[in-house]
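Only one structure is covered here, and it is reproduced in the block below.
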Amino acid sequence: LAKTTQPISMDSYEGQEVNITCSHNNIATNDYITWYQQFPSQGPRFIIQGYKTKVTNEVASLFIPADRKSSTLSLPRVSLSDTAVYYCLVGFPYSSASKIIFGSGTRLSIRP
Amino acid sequence: NAGVTQTPKFQVLKTGQSMTLQCAQDMNHNSMYWYRQDPGMGLRLIYYSASEGTTDKGEVPNGYNVSRLNKREFSLRLESAAPSQTSVYFCASRREGYNEQFFGPGTRLTVL
């Protein structure tokens with residue numbers, strides 16, 4: 001299973017762009033990269049998923065370099081409500097037997 | 001469409017007592033998961049099930065048993081609760097072909 005490494009915590013201010021980088025040096029050829037967001041007292045919520053290059057949705061962008069050994073979640077113009085823990089995961093989605101492992105996550109704090 | 005439901009929401013046990021945490025999903029997903037989350041920590045996978053009738057160990061299976069009797073329901077049993085099992089327990093389901101997991105609201109368990 002590919003292990004991921006993220007910063008433990010990050011701070012930013014409202015209106016700024018926040019980039020959280022995740023390292024996954026032993027990612028397998030078939031693995032996809034997925035990011036989740038978790039608010040206190042709630043289960044994690046899916047944000048975005050990608051395989052290579054760049055993926056964008058209404059919430060975030062995901063940048064994946066050619067070697068796929070890392071990825072960066074980009075949150076544009078954050079607000080106080082983006083204060084949460086963000087998890088980076090790697091895994092193969094096309095198998096119901098995939099074991100999904102969460103790391104420790106990055107605790108993002110947004111200040112006014 | 002309720003998504004993933006968990007019962008109970010809260011539970012206090014004495015050391016040595018047993019209990020079963022219930023989880024059900026109405027999204028017709030094959031894969032289901034049980035995680036525990038200790039205060040300030042990430043999620044750790046206890047057991048998962050790729051389909052009805054199959055289960056596999058995750059990162060921290062000791063002290064737990066699971067049962068996947070049908071596609072909808074995946075239960076987690078603590079045979080002899082210990083204080084170290086005090087945690088929040090999350091159940092999740094995932095559609096094959098996607099890495100997006102859908103989480104339940106969690107069960108807060110305290111073992112005295």
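Labeling convention for the structure tokens: chains A, B, ... as they appear, residues from 1 per chain, ligands from 1 in order of appearance.
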
Within 9 Å of chain B, which residues of chain A show up when using only C-alpha atoms, listed as a PyMOL selection string?
chain A and resi 32-34+36+41-49+85+87+90-105

Could you give me, as a PyMOL selection string, the residues within 9 Å of B:Gly16, counting only C-alpha atoms and dropping anything in the same chain fewer than 4 positions from it?
chain B and resi 79-82+111

Just write the chosen residues, N, CA and C atoms, as a compact mmCIF listing (two decimals), in the first residue's frame.
# COMPACT_ATOMS: atom_id res chain seq x y z
N GLU B 79 -16.28 -7.80 21.46
CA GLU B 79 -16.65 -8.93 22.32
C GLU B 79 -16.39 -8.64 23.80
N SER B 80 -15.30 -7.97 24.08
CA SER B 80 -14.93 -7.66 25.47
C SER B 80 -14.25 -6.30 25.46
N ALA B 81 -15.06 -5.26 25.65
CA ALA B 81 -14.57 -3.90 25.47
C ALA B 81 -13.45 -3.55 26.45
N ALA B 82 -12.49 -2.76 25.96
CA ALA B 82 -11.37 -2.28 26.77
C ALA B 82 -11.29 -0.77 26.66
N VAL B 111 -15.37 3.57 26.84
CA VAL B 111 -15.26 2.35 27.65
C VAL B 111 -14.59 2.72 28.96

Determine which residues of chain B DSSP labels as strand (DSSP E or B) from the backbone of this structure, then write them out as an MDAnalysis selection string.
chainID B and resid 4:7 10:13 19:25 31:37 43:51 54:57 64:67 73 75:78 87:94 101:103 107:111

Selection near stretch 56-63 of chain A, 8 Å with only C-alpha atoms, sequence-local residues under 6 positions removed, as a PyMOL selection string:
chain A and resi 47-50+71-76

If you keep N, CA, C and O atoms, can you produce a file of those selected residues as a short mmCIF file (atom, residue, chain, number, x, y, z; two decimals), in the first residue's frame?
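selection.cif, freshly written:
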data_model
loop_
_atom_site.label_atom_id
_atom_site.label_comp_id
_atom_site.auth_asym_id
_atom_site.auth_seq_id
_atom_site.Cartn_x
_atom_site.Cartn_y
_atom_site.Cartn_z
N ILE A 47 -13.42 15.31 -1.69
CA ILE A 47 -13.25 16.60 -2.35
C ILE A 47 -12.96 16.41 -3.84
O ILE A 47 -13.64 16.96 -4.70
N ILE A 48 -11.89 15.64 -4.15
CA ILE A 48 -11.43 15.57 -5.52
C ILE A 48 -10.57 14.33 -5.71
O ILE A 48 -9.99 13.82 -4.75
N GLN A 49 -10.50 13.87 -6.94
CA GLN A 49 -9.68 12.69 -7.27
C GLN A 49 -9.03 12.91 -8.62
O GLN A 49 -9.62 13.51 -9.52
N GLY A 50 -7.80 12.38 -8.78
CA GLY A 50 -7.13 12.49 -10.06
C GLY A 50 -6.12 11.38 -10.27
O GLY A 50 -5.73 10.69 -9.31
N SER A 71 1.43 15.18 -4.95
CA SER A 71 0.27 15.88 -5.50
C SER A 71 0.00 17.10 -4.63
O SER A 71 0.41 17.14 -3.45
N THR A 72 -0.67 18.10 -5.20
CA THR A 72 -0.97 19.32 -4.47
C THR A 72 -2.45 19.65 -4.60
O THR A 72 -2.98 19.76 -5.71
N LEU A 73 -3.10 19.76 -3.46
CA LEU A 73 -4.48 20.20 -3.41
C LEU A 73 -4.47 21.72 -3.31
O LEU A 73 -3.82 22.28 -2.42
N SER A 74 -5.19 22.39 -4.20
CA SER A 74 -5.25 23.84 -4.19
C SER A 74 -6.67 24.30 -3.89
O SER A 74 -7.61 23.93 -4.59
N LEU A 75 -6.79 25.11 -2.84
CA LEU A 75 -8.09 25.67 -2.46
C LEU A 75 -8.07 27.16 -2.77
O LEU A 75 -7.32 27.91 -2.13
N PRO A 76 -8.86 27.63 -3.73
CA PRO A 76 -8.81 29.05 -4.11
C PRO A 76 -9.62 29.91 -3.14
O PRO A 76 -10.70 29.52 -2.70
#

Å distance separating atom CA of B:Gly63 from atom CA of B:Pro83, one decimal place:
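Atom CA of B:Pro83 lies at a distance of 11.5 Å from atom CA of B:Gly63.
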
Do a neighbour search on B:Met19 at 12 Å with only C-alpha atoms, toss out local chain neighbours closer than 4 positions, and write the hits as a PyMOL selection string.
chain B and resi 7-8+11-15+63-66+75-82+85+109-111

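With atom CA of B:Ser67 on one side and atom CA of B:Val4 on the other, the separation reads 16.4 Å.
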